[in-house]
Amino acid sequence: MIRIQHEDFDPGAEQQALEAEASGLGAVCTFTGLVRNHGDRQDVEGLFLEHYPGMTERALEAVVADAFGRWDLLSCRIIHRVGLLQLGERIVFVGVASAHRQDAFAACEFVMDALKVSAPFWKKELSAEGDHWVTQKDGDRDRAQRWSPKIDAGTP
Amino acid sequence: MIRIQHEDFDPGAEQQALEAEASGLGAVCTFTGLVRNHGDRQDVEGLFLEHYPGMTERALEAVVADAFGRWDLLSCRIIHRVGLLQLGERIVFVGVASAHRQDAFAACEFVMDALKVSAPFWKKELSAEGDHWVTQKDGDRDRAQRWSPKIDAGTP
Amino acid sequence: MIRILFFAGLRERLHTAELELPADHIATAGDIITDLSQRGPAWAEAFSGGAPVMVAINQTMARPASKVVDGDEVAFFPPVTGG
Amino acid sequence: MIRILFFAGLRERLHTAELELPADHIATAGDIITDLSQRGPAWAEAFSGGAPVMVAINQTMARPASKVVDGDEVAFFPPVTGG
């Protein structure tokens, strides 16, 4: 289940869906990312999130398929918001259900790492100093490259 | 926040609390464990969970303190149920809030790994074949020992 | 024709979200970059290599050497920063 | 006196959740194990080393060599299996 949307979502409802999909079998790991008050700049007041409609869904489907190939998973749910987001609002949710806790943890972290470098979303930080397109972090590329076989993050 | 309880809990409410505790700063990772229909035996119908009142709370507080020493965390919530649990019911919840996603993931997995080998809970599987105390898995000990410095799981 | 899309900071710098190029003389994504670089200083600067630019062909990550044919959708954008 | 607790499978095998021992002649958790092992075949078997037994002193994981003093709470139990 992959959703790209402007509106907020309910992590509790996603958790319930994951538990139902894991029925009788185990473990659910979730990650929720929130808008931070500091990023590349201090005093961030909000974010504008742009995406590439069509490619985003394809890229996330590829990430999910990759995760299912690497681990024994029952379900994977990704929600990513786009548009204008205020401080503290939810940006992204990744939830994974598996019979095994180590698979649930690994797959959830993998999906976040892969999403960060291979899904076409771009963040612009909005602040009193002015707007600023966030630059990709070496740390995010490094984290994505830890996984073997490596995540295809494209080549500049 | 550490709670040992018979009654069920609401992961959505825990998620909301974690998001509030992470206010303006980032990332929430949660893990929920459910009663599985197979464990040491097949056809498990339910579990009975025993614990050592007093020591359980101390052991979990030590795990949380250890996690706060290892990573940059904002909040950690643990709920563990005891008593009779049916198939598919929630057993355990661990939620971590941090400004950094890698810290949230690592700390959440660490707390689960440490809890598995150092908190005095014991599972008895209930099935038509008879009741059976679950034995500790080498895999759980091995996973706990991956962390450096090592988790103190006691010595038999 | 080849449909060309630009996103995020690159879209803003070029004041262009989308354009079309005839497929003649274009065999690779790199040929498109060469063509675009000749459209003026902002374009030359954007594709000079100073800031990294990613390319996707038909919504899949690609490289400058990747083949492009008539009817393809080719997108240029900065390294992604979602999540 | 030393308060001794048993949990889970060990509690069931010994049919005992709790007992008290005078602190005389007891310096370590190992001394308690030696004492308990002499209470009958089930006790000797339980502490024979065939199945692992953990020990906690005053609700903290300990070892057979750990010191025990009058008033301590000493618990024996199988390796834990929560989560």
# chains A, B, ... in the order shown; residues from 1 in each chain; ligands from 1
>>> interface_residues(of="chain B", to="chain D", cutoff="9 Å", atoms="only C-alpha atoms", output="count of residues only")
37
>>> calpha_fit_and_write(fixed="chain C", moving="chain D", output="PDB file with N, CA and C atoms, in the first residue's frame")
ATOM      1  N   MET D   1       8.822  13.612 -30.771  1.00  0.00           N
ATOM      2  CA  MET D   1       9.248  14.583 -29.768  1.00  0.00           C
ATOM      3  C   MET D   1       9.646  13.875 -28.463  1.00  0.00           C
ATOM      4  N   ILE D   2      10.521  14.562 -27.723  1.00  0.00           N
ATOM      5  CA  ILE D   2      10.891  14.069 -26.400  1.00  0.00           C
ATOM      6  C   ILE D   2      10.366  15.076 -25.378  1.00  0.00           C
ATOM      7  N   ARG D   3       9.666  14.560 -24.375  1.00  0.00           N
ATOM      8  CA  ARG D   3       9.102  15.432 -23.342  1.00  0.00           C
ATOM      9  C   ARG D   3      10.133  15.556 -22.223  1.00  0.00           C
ATOM     10  N   ILE D   4      10.470  16.824 -21.886  1.00  0.00           N
ATOM     11  CA  ILE D   4      11.512  17.045 -20.874  1.00  0.00           C
ATOM     12  C   ILE D   4      10.892  17.756 -19.663  1.00  0.00           C
ATOM     13  N   LEU D   5      11.163  17.220 -18.464  1.00  0.00           N
ATOM     14  CA  LEU D   5      10.605  17.776 -17.229  1.00  0.00           C
ATOM     15  C   LEU D   5      11.726  18.220 -16.302  1.00  0.00           C
ATOM     16  N   PHE D   6      11.442  19.282 -15.523  1.00  0.00           N
ATOM     17  CA  PHE D   6      12.412  19.776 -14.526  1.00  0.00           C
ATOM     18  C   PHE D   6      11.698  19.885 -13.188  1.00  0.00           C
ATOM     19  N   PHE D   7      12.419  19.570 -12.098  1.00  0.00           N
ATOM     20  CA  PHE D   7      11.797  19.602 -10.784  1.00  0.00           C
ATOM     21  C   PHE D   7      12.620  20.408  -9.773  1.00  0.00           C
ATOM     22  N   ALA D   8      11.912  20.888  -8.758  1.00  0.00           N
ATOM     23  CA  ALA D   8      12.492  21.487  -7.552  1.00  0.00           C
ATOM     24  C   ALA D   8      13.406  22.669  -7.900  1.00  0.00           C
ATOM     25  N   GLY D   9      14.604  22.729  -7.278  1.00  0.00           N
ATOM     26  CA  GLY D   9      15.495  23.864  -7.483  1.00  0.00           C
ATOM     27  C   GLY D   9      15.869  24.071  -8.942  1.00  0.00           C
ATOM     28  N   LEU D  10      16.000  22.983  -9.660  1.00  0.00           N
ATOM     29  CA  LEU D  10      16.360  23.076 -11.074  1.00  0.00           C
ATOM     30  C   LEU D  10      15.221  23.736 -11.870  1.00  0.00           C
ATOM     31  N   ARG D  11      13.996  23.338 -11.601  1.00  0.00           N
ATOM     32  CA  ARG D  11      12.817  23.941 -12.223  1.00  0.00           C
ATOM     33  C   ARG D  11      12.787  25.453 -11.950  1.00  0.00           C
ATOM     34  N   GLU D  12      13.085  25.829 -10.692  1.00  0.00           N
ATOM     35  CA  GLU D  12      13.044  27.251 -10.336  1.00  0.00           C
ATOM     36  C   GLU D  12      14.170  28.030 -11.016  1.00  0.00           C
ATOM     37  N   ARG D  13      15.390  27.454 -11.056  1.00  0.00           N
ATOM     38  CA  ARG D  13      16.528  28.158 -11.642  1.00  0.00           C
ATOM     39  C   ARG D  13      16.337  28.369 -13.134  1.00  0.00           C
ATOM     40  N   LEU D  14      15.688  27.388 -13.795  1.00  0.00           N
ATOM     41  CA  LEU D  14      15.481  27.461 -15.245  1.00  0.00           C
ATOM     42  C   LEU D  14      14.146  28.122 -15.601  1.00  0.00           C
ATOM     43  N   HIS D  15      13.340  28.420 -14.596  1.00  0.00           N
ATOM     44  CA  HIS D  15      11.993  28.963 -14.826  1.00  0.00           C
ATOM     45  C   HIS D  15      11.226  28.111 -15.833  1.00  0.00           C
ATOM     46  N   THR D  16      11.452  26.816 -15.759  1.00  0.00           N
ATOM     47  CA  THR D  16      10.832  25.904 -16.728  1.00  0.00           C
ATOM     48  C   THR D  16      10.465  24.589 -16.032  1.00  0.00           C
ATOM     49  N   ALA D  17       9.207  24.198 -16.148  1.00  0.00           N
ATOM     50  CA  ALA D  17       8.770  22.922 -15.587  1.00  0.00           C
ATOM     51  C   ALA D  17       8.807  21.838 -16.660  1.00  0.00           C
ATOM     52  N   GLU D  18       8.650  22.270 -17.929  1.00  0.00           N
ATOM     53  CA  GLU D  18       8.459  21.273 -18.980  1.00  0.00           C
ATOM     54  C   GLU D  18       8.745  21.892 -20.343  1.00  0.00           C
ATOM     55  N   LEU D  19       9.337  21.140 -21.269  1.00  0.00           N
ATOM     56  CA  LEU D  19       9.475  21.576 -22.650  1.00  0.00           C
ATOM     57  C   LEU D  19       9.551  20.347 -23.542  1.00  0.00           C
ATOM     58  N   GLU D  20       9.503  20.548 -24.840  1.00  0.00           N
ATOM     59  CA  GLU D  20       9.619  19.430 -25.783  1.00  0.00           C
ATOM     60  C   GLU D  20      10.799  19.678 -26.699  1.00  0.00           C
ATOM     61  N   LEU D  21      11.471  18.597 -27.064  1.00  0.00           N
ATOM     62  CA  LEU D  21      12.602  18.670 -28.005  1.00  0.00           C
ATOM     63  C   LEU D  21      12.331  17.684 -29.140  1.00  0.00           C
ATOM     64  N   PRO D  22      12.632  18.052 -30.370  1.00  0.00           N
ATOM     65  CA  PRO D  22      12.552  17.070 -31.455  1.00  0.00           C
ATOM     66  C   PRO D  22      13.577  15.964 -31.193  1.00  0.00           C
ATOM     67  N   ALA D  23      13.241  14.752 -31.585  1.00  0.00           N
ATOM     68  CA  ALA D  23      14.110  13.612 -31.299  1.00  0.00           C
ATOM     69  C   ALA D  23      15.311  13.521 -32.239  1.00  0.00           C
ATOM     70  N   ASP D  24      15.322  14.335 -33.312  1.00  0.00           N
ATOM     71  CA  ASP D  24      16.443  14.298 -34.266  1.00  0.00           C
ATOM     72  C   ASP D  24      17.740  14.626 -33.540  1.00  0.00           C
ATOM     73  N   HIS D  25      18.796  13.948 -33.934  1.00  0.00           N
ATOM     74  CA  HIS D  25      20.132  14.190 -33.384  1.00  0.00           C
ATOM     75  C   HIS D  25      20.255  13.859 -31.903  1.00  0.00           C
ATOM     76  N   ILE D  26      19.208  13.235 -31.297  1.00  0.00           N
ATOM     77  CA  ILE D  26      19.317  12.876 -29.880  1.00  0.00           C
ATOM     78  C   ILE D  26      19.309  11.358 -29.732  1.00  0.00           C
ATOM     79  N   ALA D  27      20.406  10.847 -29.187  1.00  0.00           N
ATOM     80  CA  ALA D  27      20.521   9.397 -28.991  1.00  0.00           C
ATOM     81  C   ALA D  27      20.582   9.039 -27.513  1.00  0.00           C
ATOM     82  N   THR D  28      21.065   9.971 -26.688  1.00  0.00           N
ATOM     83  CA  THR D  28      21.242   9.692 -25.254  1.00  0.00           C
ATOM     84  C   THR D  28      20.775  10.898 -24.429  1.00  0.00           C
ATOM     85  N   ALA D  29      20.642  10.655 -23.115  1.00  0.00           N
ATOM     86  CA  ALA D  29      20.308  11.752 -22.199  1.00  0.00           C
ATOM     87  C   ALA D  29      21.395  12.826 -22.251  1.00  0.00           C
ATOM     88  N   GLY D  30      22.627  12.393 -22.449  1.00  0.00           N
ATOM     89  CA  GLY D  30      23.746  13.340 -22.550  1.00  0.00           C
ATOM     90  C   GLY D  30      23.581  14.302 -23.723  1.00  0.00           C
ATOM     91  N   ASP D  31      23.018  13.807 -24.828  1.00  0.00           N
ATOM     92  CA  ASP D  31      22.767  14.686 -25.988  1.00  0.00           C
ATOM     93  C   ASP D  31      21.763  15.780 -25.622  1.00  0.00           C
ATOM     94  N   ILE D  32      20.766  15.426 -24.786  1.00  0.00           N
ATOM     95  CA  ILE D  32      19.780  16.423 -24.349  1.00  0.00           C
ATOM     96  C   ILE D  32      20.468  17.475 -23.492  1.00  0.00           C
ATOM     97  N   ILE D  33      21.350  17.033 -22.606  1.00  0.00           N
ATOM     98  CA  ILE D  33      22.080  17.969 -21.736  1.00  0.00           C
ATOM     99  C   ILE D  33      22.897  18.939 -22.595  1.00  0.00           C
ATOM    100  N   THR D  34      23.550  18.419 -23.620  1.00  0.00           N
ATOM    101  CA  THR D  34      24.341  19.277 -24.518  1.00  0.00           C
ATOM    102  C   THR D  34      23.441  20.321 -25.186  1.00  0.00           C
ATOM    103  N   ASP D  35      22.291  19.887 -25.655  1.00  0.00           N
ATOM    104  CA  ASP D  35      21.334  20.791 -26.296  1.00  0.00           C
ATOM    105  C   ASP D  35      20.857  21.868 -25.313  1.00  0.00           C
ATOM    106  N   LEU D  36      20.427  21.436 -24.122  1.00  0.00           N
ATOM    107  CA  LEU D  36      19.881  22.375 -23.130  1.00  0.00           C
ATOM    108  C   LEU D  36      20.934  23.394 -22.682  1.00  0.00           C
ATOM    109  N   SER D  37      22.181  22.936 -22.576  1.00  0.00           N
ATOM    110  CA  SER D  37      23.260  23.807 -22.086  1.00  0.00           C
ATOM    111  C   SER D  37      23.483  25.019 -22.990  1.00  0.00           C
ATOM    112  N   GLN D  38      23.008  24.910 -24.245  1.00  0.00           N
ATOM    113  CA  GLN D  38      23.220  26.012 -25.202  1.00  0.00           C
ATOM    114  C   GLN D  38      22.089  27.029 -25.190  1.00  0.00           C
ATOM    115  N   ARG D  39      21.139  26.898 -24.255  1.00  0.00           N
ATOM    116  CA  ARG D  39      19.971  27.784 -24.231  1.00  0.00           C
ATOM    117  C   ARG D  39      20.208  29.087 -23.481  1.00  0.00           C
ATOM    118  N   GLY D  40      21.388  29.314 -22.939  1.00  0.00           N
ATOM    119  CA  GLY D  40      21.648  30.558 -22.212  1.00  0.00           C
ATOM    120  C   GLY D  40      22.478  30.297 -20.980  1.00  0.00           C
ATOM    121  N   PRO D  41      22.916  31.345 -20.293  1.00  0.00           N
ATOM    122  CA  PRO D  41      23.830  31.204 -19.151  1.00  0.00           C
ATOM    123  C   PRO D  41      23.237  30.375 -18.009  1.00  0.00           C
ATOM    124  N   ALA D  42      21.955  30.584 -17.663  1.00  0.00           N
ATOM    125  CA  ALA D  42      21.358  29.825 -16.556  1.00  0.00           C
ATOM    126  C   ALA D  42      21.381  28.325 -16.891  1.00  0.00           C
ATOM    127  N   TRP D  43      21.121  27.992 -18.149  1.00  0.00           N
ATOM    128  CA  TRP D  43      21.090  26.599 -18.584  1.00  0.00           C
ATOM    129  C   TRP D  43      22.498  26.004 -18.588  1.00  0.00           C
ATOM    130  N   ALA D  44      23.450  26.758 -19.110  1.00  0.00           N
ATOM    131  CA  ALA D  44      24.843  26.290 -19.140  1.00  0.00           C
ATOM    132  C   ALA D  44      25.334  26.030 -17.713  1.00  0.00           C
ATOM    133  N   GLU D  45      25.013  26.973 -16.828  1.00  0.00           N
ATOM    134  CA  GLU D  45      25.409  26.866 -15.424  1.00  0.00           C
ATOM    135  C   GLU D  45      24.762  25.638 -14.758  1.00  0.00           C
ATOM    136  N   ALA D  46      23.463  25.472 -14.995  1.00  0.00           N
ATOM    137  CA  ALA D  46      22.721  24.380 -14.340  1.00  0.00           C
ATOM    138  C   ALA D  46      23.298  23.011 -14.700  1.00  0.00           C
ATOM    139  N   PHE D  47      23.795  22.893 -15.942  1.00  0.00           N
ATOM    140  CA  PHE D  47      24.296  21.584 -16.398  1.00  0.00           C
ATOM    141  C   PHE D  47      25.831  21.527 -16.452  1.00  0.00           C
ATOM    142  N   SER D  48      26.487  22.477 -15.762  1.00  0.00           N
ATOM    143  CA  SER D  48      27.950  22.558 -15.814  1.00  0.00           C
ATOM    144  C   SER D  48      28.615  21.502 -14.939  1.00  0.00           C
ATOM    145  N   GLY D  49      27.832  20.855 -14.079  1.00  0.00           N
ATOM    146  CA  GLY D  49      28.417  19.884 -13.155  1.00  0.00           C
ATOM    147  C   GLY D  49      28.718  20.497 -11.798  1.00  0.00           C
ATOM    148  N   GLY D  50      28.519  21.799 -11.648  1.00  0.00           N
ATOM    149  CA  GLY D  50      28.749  22.455 -10.355  1.00  0.00           C
ATOM    150  C   GLY D  50      27.829  21.890  -9.286  1.00  0.00           C
ATOM    151  N   ALA D  51      26.545  21.787  -9.608  1.00  0.00           N
ATOM    152  CA  ALA D  51      25.585  21.135  -8.708  1.00  0.00           C
ATOM    153  C   ALA D  51      25.124  19.851  -9.392  1.00  0.00           C
ATOM    154  N   PRO D  52      25.024  18.761  -8.626  1.00  0.00           N
ATOM    155  CA  PRO D  52      24.637  17.493  -9.259  1.00  0.00           C
ATOM    156  C   PRO D  52      23.227  17.557  -9.838  1.00  0.00           C
ATOM    157  N   VAL D  53      23.060  16.969 -11.013  1.00  0.00           N
ATOM    158  CA  VAL D  53      21.752  16.856 -11.658  1.00  0.00           C
ATOM    159  C   VAL D  53      21.507  15.374 -11.951  1.00  0.00           C
ATOM    160  N   MET D  54      20.336  14.889 -11.538  1.00  0.00           N
ATOM    161  CA  MET D  54      19.957  13.502 -11.807  1.00  0.00           C
ATOM    162  C   MET D  54      19.103  13.474 -13.061  1.00  0.00           C
ATOM    163  N   VAL D  55      19.089  12.316 -13.731  1.00  0.00           N
ATOM    164  CA  VAL D  55      18.224  12.172 -14.900  1.00  0.00           C
ATOM    165  C   VAL D  55      17.411  10.885 -14.771  1.00  0.00           C
ATOM    166  N   ALA D  56      16.130  10.989 -15.168  1.00  0.00           N
ATOM    167  CA  ALA D  56      15.277   9.800 -15.213  1.00  0.00           C
ATOM    168  C   ALA D  56      14.692   9.710 -16.612  1.00  0.00           C
ATOM    169  N   ILE D  57      14.661   8.517 -17.185  1.00  0.00           N
ATOM    170  CA  ILE D  57      14.047   8.287 -18.498  1.00  0.00           C
ATOM    171  C   ILE D  57      12.823   7.400 -18.293  1.00  0.00           C
ATOM    172  N   ASN D  58      11.674   7.901 -18.751  1.00  0.00           N
ATOM    173  CA  ASN D  58      10.406   7.186 -18.556  1.00  0.00           C
ATOM    174  C   ASN D  58      10.231   6.769 -17.096  1.00  0.00           C
ATOM    175  N   GLN D  59      10.543   7.729 -16.215  1.00  0.00           N
ATOM    176  CA  GLN D  59      10.295   7.588 -14.775  1.00  0.00           C
ATOM    177  C   GLN D  59      11.152   6.521 -14.111  1.00  0.00           C
ATOM    178  N   THR D  60      12.304   6.240 -14.703  1.00  0.00           N
ATOM    179  CA  THR D  60      13.269   5.338 -14.072  1.00  0.00           C
ATOM    180  C   THR D  60      14.625   6.036 -14.064  1.00  0.00           C
ATOM    181  N   MET D  61      15.339   5.940 -12.936  1.00  0.00           N
ATOM    182  CA  MET D  61      16.650   6.578 -12.830  1.00  0.00           C
ATOM    183  C   MET D  61      17.544   6.119 -13.988  1.00  0.00           C
ATOM    184  N   ALA D  62      18.282   7.058 -14.583  1.00  0.00           N
ATOM    185  CA  ALA D  62      19.125   6.737 -15.733  1.00  0.00           C
ATOM    186  C   ALA D  62      20.458   7.471 -15.595  1.00  0.00           C
ATOM    187  N   ARG D  63      21.278   7.391 -16.664  1.00  0.00           N
ATOM    188  CA  ARG D  63      22.583   8.033 -16.672  1.00  0.00           C
ATOM    189  C   ARG D  63      22.697   8.828 -17.965  1.00  0.00           C
ATOM    190  N   PRO D  64      23.659   9.754 -18.030  1.00  0.00           N
ATOM    191  CA  PRO D  64      23.826  10.514 -19.273  1.00  0.00           C
ATOM    192  C   PRO D  64      24.014   9.610 -20.496  1.00  0.00           C
ATOM    193  N   ALA D  65      24.636   8.459 -20.326  1.00  0.00           N
ATOM    194  CA  ALA D  65      24.873   7.567 -21.464  1.00  0.00           C
ATOM    195  C   ALA D  65      23.629   6.759 -21.862  1.00  0.00           C
ATOM    196  N   SER D  66      22.555   6.834 -21.035  1.00  0.00           N
ATOM    197  CA  SER D  66      21.355   6.030 -21.326  1.00  0.00           C
ATOM    198  C   SER D  66      20.691   6.477 -22.625  1.00  0.00           C
ATOM    199  N   LYS D  67      20.193   5.510 -23.393  1.00  0.00           N
ATOM    200  CA  LYS D  67      19.546   5.756 -24.689  1.00  0.00           C
ATOM    201  C   LYS D  67      18.204   6.458 -24.509  1.00  0.00           C
ATOM    202  N   VAL D  68      17.915   7.379 -25.425  1.00  0.00           N
ATOM    203  CA  VAL D  68      16.628   8.078 -25.460  1.00  0.00           C
ATOM    204  C   VAL D  68      16.060   7.920 -26.862  1.00  0.00           C
ATOM    205  N   VAL D  69      14.753   7.614 -26.952  1.00  0.00           N
ATOM    206  CA  VAL D  69      14.124   7.509 -28.282  1.00  0.00           C
ATOM    207  C   VAL D  69      12.886   8.410 -28.339  1.00  0.00           C
ATOM    208  N   ASP D  70      12.413   8.643 -29.542  1.00  0.00           N
ATOM    209  CA  ASP D  70      11.236   9.481 -29.786  1.00  0.00           C
ATOM    210  C   ASP D  70      10.075   9.015 -28.893  1.00  0.00           C
ATOM    211  N   GLY D  71       9.425   9.972 -28.240  1.00  0.00           N
ATOM    212  CA  GLY D  71       8.292   9.640 -27.380  1.00  0.00           C
ATOM    213  C   GLY D  71       8.655   9.453 -25.917  1.00  0.00           C
ATOM    214  N   ASP D  72       9.951   9.424 -25.611  1.00  0.00           N
ATOM    215  CA  ASP D  72      10.377   9.235 -24.214  1.00  0.00           C
ATOM    216  C   ASP D  72      10.066  10.471 -23.362  1.00  0.00           C
ATOM    217  N   GLU D  73       9.943  10.233 -22.047  1.00  0.00           N
ATOM    218  CA  GLU D  73       9.815  11.312 -21.061  1.00  0.00           C
ATOM    219  C   GLU D  73      11.133  11.351 -20.281  1.00  0.00           C
ATOM    220  N   VAL D  74      11.833  12.477 -20.366  1.00  0.00           N
ATOM    221  CA  VAL D  74      13.139  12.595 -19.713  1.00  0.00           C
ATOM    222  C   VAL D  74      13.056  13.706 -18.664  1.00  0.00           C
ATOM    223  N   ALA D  75      13.404  13.382 -17.421  1.00  0.00           N
ATOM    224  CA  ALA D  75      13.301  14.362 -16.336  1.00  0.00           C
ATOM    225  C   ALA D  75      14.673  14.646 -15.746  1.00  0.00           C
ATOM    226  N   PHE D  76      14.897  15.925 -15.421  1.00  0.00           N
ATOM    227  CA  PHE D  76      16.127  16.354 -14.741  1.00  0.00           C
ATOM    228  C   PHE D  76      15.750  16.964 -13.399  1.00  0.00           C
ATOM    229  N   PHE D  77      16.538  16.629 -12.395  1.00  0.00           N
ATOM    230  CA  PHE D  77      16.225  17.146 -11.056  1.00  0.00           C
ATOM    231  C   PHE D  77      17.428  17.021 -10.131  1.00  0.00           C
ATOM    232  N   PRO D  78      17.419  17.772  -9.017  1.00  0.00           N
ATOM    233  CA  PRO D  78      18.515  17.642  -8.031  1.00  0.00           C
ATOM    234  C   PRO D  78      18.382  16.305  -7.303  1.00  0.00           C
ATOM    235  N   PRO D  79      19.442  15.862  -6.615  1.00  0.00           N
ATOM    236  CA  PRO D  79      19.342  14.668  -5.773  1.00  0.00           C
ATOM    237  C   PRO D  79      18.127  14.799  -4.846  1.00  0.00           C
ATOM    238  N   VAL D  80      17.428  13.707  -4.633  1.00  0.00           N
ATOM    239  CA  VAL D  80      16.147  13.750  -3.933  1.00  0.00           C
ATOM    240  C   VAL D  80      16.343  13.925  -2.423  1.00  0.00           C
ATOM    241  N   THR D  81      15.327  14.521  -1.772  1.00  0.00           N
ATOM    242  CA  THR D  81      15.453  14.858  -0.346  1.00  0.00           C
ATOM    243  C   THR D  81      14.154  14.597   0.419  1.00  0.00           C
ATOM    244  N   GLY D  82      13.425  13.560   0.045  1.00  0.00           N
ATOM    245  CA  GLY D  82      12.182  13.259   0.757  1.00  0.00           C
ATOM    246  C   GLY D  82      12.417  12.519   2.052  1.00  0.00           C
ATOM    247  N   GLY D  83      11.328  12.019   2.618  1.00  0.00           N
ATOM    248  CA  GLY D  83      11.412  11.191   3.828  1.00  0.00           C
ATOM    249  C   GLY D  83      11.467  11.987   5.090  1.00  0.00           C
TER     250      GLY D  83
END
>>> select_by_dssp(residues="range 59-135 of chain A", states="helix (DSSP H, G or I)", output="ChimeraX atom specification")
/A:59-70,101-118
>>> interface_residues(of="chain A", to="chain B", cutoff="9 Å", atoms="only C-alpha atoms", output="MDAnalysis selection string")
chainID A and resid 10:16 19:20 22:38 87:90 99 101:102 104:105 108:109 112
>>> write_last_selection(atoms="C-alpha atoms", output="tab-separated table (two decimals), in the first residue's frame")
chain	number	residue	atom	x	y	z
A	10	ASP	CA	-3.66	8.49	11.19
A	11	PRO	CA	-0.70	6.32	12.27
A	12	GLY	CA	-3.04	4.45	14.67
A	13	ALA	CA	-5.25	3.37	11.76
A	14	GLU	CA	-2.16	2.27	9.80
A	15	GLN	CA	-0.93	0.30	12.82
A	16	GLN	CA	-4.32	-1.46	13.06
A	19	GLU	CA	-1.70	-5.82	12.78
A	20	ALA	CA	-4.63	-7.23	10.79
A	22	ALA	CA	0.11	-9.75	10.37
A	23	SER	CA	-2.79	-11.75	11.79
A	24	GLY	CA	-1.45	-14.47	14.06
A	25	LEU	CA	2.10	-13.88	12.91
A	26	GLY	CA	4.08	-11.51	14.76
A	27	ALA	CA	5.71	-8.25	14.54
A	28	VAL	CA	4.98	-4.72	13.34
A	29	CYS	CA	7.62	-2.00	13.02
A	30	THR	CA	6.68	1.56	12.06
A	31	PHE	CA	8.53	4.78	11.39
A	32	THR	CA	6.98	8.25	11.33
A	33	GLY	CA	8.92	11.32	10.22
A	34	LEU	CA	7.85	14.78	11.41
A	35	VAL	CA	8.74	18.29	10.20
A	36	ARG	CA	11.74	19.46	12.26
A	37	ASN	CA	12.39	23.00	13.47
A	38	HIS	CA	15.94	22.86	12.17
A	87	LEU	CA	6.36	22.39	11.95
A	88	GLY	CA	5.68	19.13	13.80
A	89	GLU	CA	3.37	17.73	11.10
A	90	ARG	CA	3.82	14.17	9.85
A	99	ALA	CA	6.53	-12.99	11.37
A	101	ARG	CA	11.01	-8.96	14.52
A	102	GLN	CA	14.44	-8.68	12.92
A	104	ALA	CA	10.31	-6.06	10.48
A	105	PHE	CA	13.05	-3.76	11.83
A	108	CYS	CA	11.34	-0.73	7.81
A	109	GLU	CA	14.77	0.90	8.07
A	112	MET	CA	13.26	4.60	4.77
>>> closest_residue(among="B:His6, B:Arg41, B:Lys150, B:Arg70", to="Ala114 in chain B", atoms="only C-alpha atoms")
B:Lys150
>>> residues_around(residues="Ser127 in chain B", least_positions_apart="2", cutoff="8 Å", atoms="only C-alpha atoms", output="ChimeraX atom specification")
/B:43-46,125,129-131
>>> residues_around(residues="Ala67 in chain B", least_positions_apart="5", cutoff="8 Å", atoms="only C-alpha atoms", output="ChimeraX atom specification")
/B:107,110-111
>>> write_last_selection(atoms="C-alpha atoms", output="CSV table (one decimal), in the first residue's frame")
chain,number,residue,atom,x,y,z
B,107,ALA,CA,17.3,2.4,20.0
B,110,PHE,CA,18.2,-2.3,21.0
B,111,VAL,CA,15.4,-2.0,23.6
>>> select_by_dssp(residues="chain A", states="strand (DSSP E or B)", output="PyMOL selection string")
chain A and resi 2-5+27-34+44-51+73-81+83-86+90-98+121-127+132-133
>>> closest_residue(among="B:Glu57, B:Gln145, B:Ala128, B:Trp71", to="Met1 in chain B", atoms="only C-alpha atoms")
B:Glu57
